[in-house]
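J.: Just one file: start-v7.cif, with mmCIF, C-alpha atoms.
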data_target
#
loop_
_atom_site.label_atom_id
_atom_site.label_comp_id
_atom_site.auth_asym_id
_atom_site.auth_seq_id
_atom_site.Cartn_x
_atom_site.Cartn_y
_atom_site.Cartn_z
CA MET A 280 -5.71 23.25 -10.45
CA THR A 281 -6.69 20.61 -7.92
CA ASN A 282 -6.81 16.90 -8.81
CA THR A 283 -8.09 13.91 -6.87
CA TYR A 284 -5.76 10.99 -6.13
CA LEU A 285 -6.15 7.51 -4.70
CA SER A 286 -3.37 6.89 -2.20
CA PHE A 287 -2.14 3.41 -1.36
CA ILE A 288 0.62 1.65 0.50
CA VAL A 289 3.23 -0.72 -0.89
CA CYS A 290 5.77 -2.04 1.61
CA ASP A 291 5.23 0.91 4.01
CA GLU A 292 5.75 3.45 1.19
CA LEU A 293 2.97 5.84 0.16
CA PHE A 294 2.00 6.17 -3.49
CA ALA A 295 -0.92 7.88 -5.21
CA VAL A 296 -2.48 7.87 -8.68
CA ASN A 297 -4.95 10.20 -10.32
CA VAL A 298 -8.43 8.73 -9.78
CA ALA A 299 -9.27 9.38 -13.43
CA LYS A 300 -7.15 6.28 -14.28
CA VAL A 301 -8.68 4.05 -11.56
CA LEU A 302 -11.60 1.82 -12.54
CA GLU A 303 -12.03 -0.16 -9.36
CA VAL A 304 -10.36 -1.43 -6.21
CA LEU A 305 -10.88 -5.17 -5.67
CA GLN A 306 -10.38 -7.15 -2.51
CA LYS A 307 -7.92 -10.07 -2.65
CA GLN A 308 -8.59 -11.90 -5.92
CA HIS A 309 -7.79 -15.33 -7.27
CA ILE A 310 -4.94 -14.61 -9.66
CA THR A 311 -4.21 -17.24 -12.29
CA HIS A 312 -0.47 -17.56 -12.81
CA VAL A 313 0.72 -17.60 -16.40
CA PRO A 314 3.75 -19.83 -17.15
CA ASN A 315 6.93 -18.05 -18.25
CA ALA A 316 5.53 -14.62 -17.45
CA PRO A 317 8.03 -11.89 -16.54
CA GLU A 318 8.68 -11.71 -12.81
CA TYR A 319 6.63 -8.54 -12.35
CA ILE A 320 3.50 -10.12 -13.92
CA LYS A 321 1.66 -11.90 -11.11
CA GLY A 322 -0.92 -13.39 -13.49
CA ILE A 323 -4.37 -12.66 -14.85
CA ILE A 324 -7.81 -12.08 -13.31
CA ASN A 325 -11.36 -12.05 -14.60
CA PHE A 326 -12.60 -8.48 -14.35
CA ARG A 327 -16.21 -8.06 -15.50
CA GLY A 328 -15.76 -10.89 -18.00
CA GLU A 329 -12.49 -9.47 -19.35
CA VAL A 330 -9.03 -11.02 -18.92
CA VAL A 331 -6.87 -8.46 -17.15
CA PRO A 332 -3.12 -8.87 -16.53
CA VAL A 333 -2.02 -8.09 -12.98
CA PHE A 334 1.44 -6.93 -11.97
CA GLU A 335 3.06 -7.14 -8.56
CA SER A 336 3.96 -3.62 -7.50
CA ARG A 337 6.62 -4.80 -5.05
CA THR A 338 8.51 -6.62 -7.79
CA LYS A 339 8.12 -3.79 -10.31
CA PHE A 340 9.40 -1.23 -7.78
CA ASN A 341 12.23 -3.45 -6.47
CA LEU A 342 10.73 -3.75 -2.99
CA PRO A 343 10.81 -6.83 -0.71
CA VAL A 344 8.71 -9.79 -1.88
CA ARG A 345 5.18 -10.03 -0.53
CA PRO A 346 4.68 -12.93 1.92
CA THR A 347 2.16 -15.34 0.37
CA ASP A 348 -0.27 -15.13 3.30
CA ASP A 349 -0.36 -11.30 3.33
CA SER A 350 -3.59 -9.55 2.44
CA TYR A 351 -3.66 -7.23 -0.55
CA VAL A 352 -5.97 -5.40 -2.92
CA VAL A 353 -5.91 -5.11 -6.70
CA ILE A 354 -6.33 -1.69 -8.28
CA VAL A 355 -7.63 -1.90 -11.86
CA PHE A 356 -6.52 0.90 -14.17
CA ASP A 357 -7.50 2.07 -17.63
CA LEU A 358 -4.30 2.89 -19.50
CA SER A 359 -3.71 4.25 -22.96
CA ARG A 360 -0.76 3.85 -25.25
CA GLY A 361 -1.28 5.82 -28.42
CA ALA A 362 -4.76 4.95 -29.72
CA ASP A 363 -4.93 1.72 -27.66
CA VAL A 364 -6.78 1.68 -24.35
CA PHE A 365 -6.47 -1.36 -22.12
CA ARG A 366 -6.87 -2.49 -18.54
CA ILE A 367 -4.25 -3.62 -16.10
CA GLY A 368 -4.37 -4.51 -12.42
CA THR A 369 -1.73 -3.95 -9.78
CA VAL A 370 -1.34 -5.65 -6.43
CA VAL A 371 -0.81 -3.22 -3.53
CA ASP A 372 -0.77 -3.78 0.22
CA ARG A 373 -3.77 -1.58 0.94
CA VAL A 374 -5.58 1.55 -0.14
CA LYS A 375 -5.17 4.47 2.24
CA ASP A 376 -7.56 7.23 1.14
CA VAL A 377 -8.69 9.64 -1.54
CA ILE A 378 -6.97 13.02 -1.40
CA SER A 379 -7.16 16.31 -3.28
CA ILE A 380 -3.85 17.86 -4.28
CA ASP A 381 -3.29 21.27 -5.77
CA ASP A 382 -0.81 21.06 -8.67
CA ALA A 383 1.21 23.90 -7.08
CA GLU A 384 1.90 21.65 -4.07
CA ILE A 385 3.50 18.90 -6.15
CA LYS A 386 7.29 18.98 -5.92
CA PRO A 387 9.51 17.73 -8.76
CA VAL A 388 11.30 14.41 -8.35
CA PRO A 389 14.86 15.15 -7.27
CA PRO A 390 17.64 13.88 -9.54
CA MET A 391 18.83 10.50 -8.32
CA SER A 392 21.25 8.94 -10.75
CA LYS A 393 21.53 8.55 -14.49
CA ASP A 394 20.91 4.80 -14.00
CA PHE A 395 17.65 5.36 -12.10
CA ASN A 396 14.62 6.04 -14.28
CA THR A 397 12.14 8.29 -12.46
CA ASP A 398 9.95 9.02 -15.51
CA PHE A 399 7.07 7.06 -13.96
CA LEU A 400 6.94 9.51 -11.05
CA GLN A 401 4.81 12.57 -11.73
CA GLY A 402 6.12 14.25 -8.60
CA ILE A 403 6.27 14.18 -4.81
CA TYR A 404 3.61 15.50 -2.44
CA LYS A 405 4.30 16.18 1.23
CA LYS A 406 1.32 15.55 3.48
CA GLN A 407 2.18 16.36 7.10
CA ALA A 408 5.22 14.15 7.87
CA ASP A 409 4.71 11.81 4.90
CA PHE A 410 6.00 11.95 1.35
CA ILE A 411 3.61 10.55 -1.23
CA MET A 412 5.05 9.49 -4.57
CA LEU A 413 2.64 10.42 -7.34
CA LEU A 414 2.72 7.80 -10.08
CA ASN A 415 2.12 8.42 -13.74
CA VAL A 416 0.66 4.98 -14.45
CA GLU A 417 1.01 5.54 -18.19
CA LYS A 418 4.81 5.54 -17.74
CA VAL A 419 5.29 2.77 -15.17
CA PHE A 420 5.99 0.31 -17.99
CA THR A 421 8.40 0.64 -20.90
CA GLY A 422 7.17 0.15 -24.46
CA ASP A 423 8.55 -3.41 -24.52
CA GLU A 424 6.84 -4.22 -21.22
CA MET A 425 3.53 -2.89 -22.57
CA VAL A 426 3.79 -5.31 -25.50
CA VAL A 427 4.36 -8.20 -23.08
CA ILE A 428 1.42 -7.13 -20.90
CA GLN A 429 -0.88 -6.94 -23.91
CA GLU A 430 0.22 -10.45 -24.92
CA TYR A 431 -0.76 -11.80 -21.48
CA LYS A 432 -4.16 -10.22 -21.79
CA HIS A 433 -4.76 -12.65 -24.64
CA SER A 434 -3.42 -15.69 -22.74
CA PRO A 435 -5.76 -18.64 -22.23
#
Since I need it in another form, could you write the structure as C-alpha cells?
T.:
Amino acid sequence: MTNTYLSFIVCDELFAVNVAKVLEVLQKQHITHVPNAPEYIKGIINFRGEVVPVFESRTKFNLPVRPTDDSYVVIVFDLSRGADVFRIGTVVDRVKDVISIDDAEIKPVPPMSKDFNTDFLQGIYKKQADFIMLLNVEKVFTGDEMVVIQEYKHSP
C-alpha cells in the first residue's frame, strides 16, 4: 500500500508524517509564550479561532536550539488519544515536499539502546542518499505529556 507523507527539515535532519494527520502548514506565527510551560512547549497560537499548543521540535528531539531570528513554519496536526481528538502545532525549520512511499519500502528502526525510546518512529525511508525518519505523531508524546499539552490548550 502506498501512503502520502509531508516531509520537513529540523536541524538538517529529514522527517516525514502521514498527510492524513496534517491540517495545515502555517508560515512563521506569533506564538504566545505560556509561563511555566515545559521546555518543549513553545507556547500557543490562534488557529481558526481555536487555541492550539505549539511544541518546539528541536527541543523535543534533543537537537540544537533554534536561533531566535531563524525562519520556521508551524505544522498543525489533528491527533487522537483514545476518544479525544485535539490539535497541536509543531515548529519545524521548513517543509521539503510531499512524497508517496510504498509500505514495503519502509525499513524498521534499528535497535539503539534500551534507554532510547524509538516508539515515535514509524520507520526509516531511504530516498536516494537521504534517510527520512517517519514519525508516528500519535506517539511523539507520552501520556503525561499529552495531559500537559491539553492543559495548555485551555490556558488564557
J.: Select, from A:Val298, A:Leu293, A:Leu400, A:Met412, the residue with the minimum atom-to-atom distance to Arg373 of chain A, counting all atoms listed in the file.
T.: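 Result for the nearest residue to Arg373 of chain A: A:Leu293.
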J.: Using the chain letters and numbering of this document, enumerate as JSON, numbers by chain the residues selected by the PyMOL selection byres ((chain A and resi 417) around 9).
T.: {"A": [358, 359, 360, 399, 414, 415, 416, 418, 419, 420]}
J.: Apply the PyMOL selection byres ((chain A and resi 378) around 7) to the displayed file and report the matching residues as a ChimeraX atom specification.
T.: /A:283-285,376-377,379-380
J.: Which residue is closest to Pro346 of chain A? Choose from A:Glu318, A:Cys290, A:Met280, A:Lys406 and count all atoms listed in the file.
T.: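 That would be A:Cys290, the residue with the smallest distance to Pro346 of chain A.
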J.: Can you tell me how far atom CA of Lys339 of chain A sits from atom CA of Ile310 of chain A, in Å to one decimal?
T.: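 Computing the Euclidean distance for atom CA of Lys339 of chain A and atom CA of Ile310 of chain A yields 17.0 Å.
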J.: Any chance you could resolve the PyMOL selection byres ((chain A and resi 384) around 12) against this file and give the residues as a list of chain:residue names?
T.: A:Met280, A:Thr281, A:Asn282, A:Ser379, A:Ile380, A:Asp381, A:Asp382, A:Ala383, A:Ile385, A:Lys386, A:Pro387, A:Gly402, A:Ile403, A:Tyr404, A:Lys405, A:Lys406, A:Phe410, A:Ile411, A:Leu413
J.: Between A:Val371, A:Val355, A:Ala362, A:Leu302, single out the one closest to Phe340 of chain A, counting all atoms listed in the file.
T.: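 Closest to Phe340 of chain A of all the choices is A:Val371.
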J.: Would you please work out which residue, of A:Asp398, A:Glu329, A:Asp357, A:Asp372, is nearest to Asp291 of chain A when using all atoms listed in the file?
T.: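 For Asp291 of chain A, the nearest of the given residues is A:Asp372.
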J.: Compare A:Phe356, A:Gly368, A:Val374, A:Ile324 by their minimum atom-to-atom distance to Ala299 of chain A, counting all atoms listed in the file, and give me the closest one.
T.: A:Phe356
J.: When you draw a straight line from atom CA of Val388 of chain A to atom CA of Arg337 of chain A, how long is it in Å?
T.: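 Going from atom CA of Val388 of chain A over to atom CA of Arg337 of chain A, I get 20.0 Å.
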J.: Could you tell me which of A:Phe365, A:Phe334, A:Phe326, A:Tyr351 comes closest to Glu303 of chain A if we count all atoms listed in the file?
T.: A:Phe326
J.: Calculate how many Å separate atom CA of Ser286 of chain A from atom CA of His312 of chain A, rounding to one decimal.
T.: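 Answer for the atom CA of Ser286 of chain A to atom CA of His312 of chain A separation: 26.8 Å.
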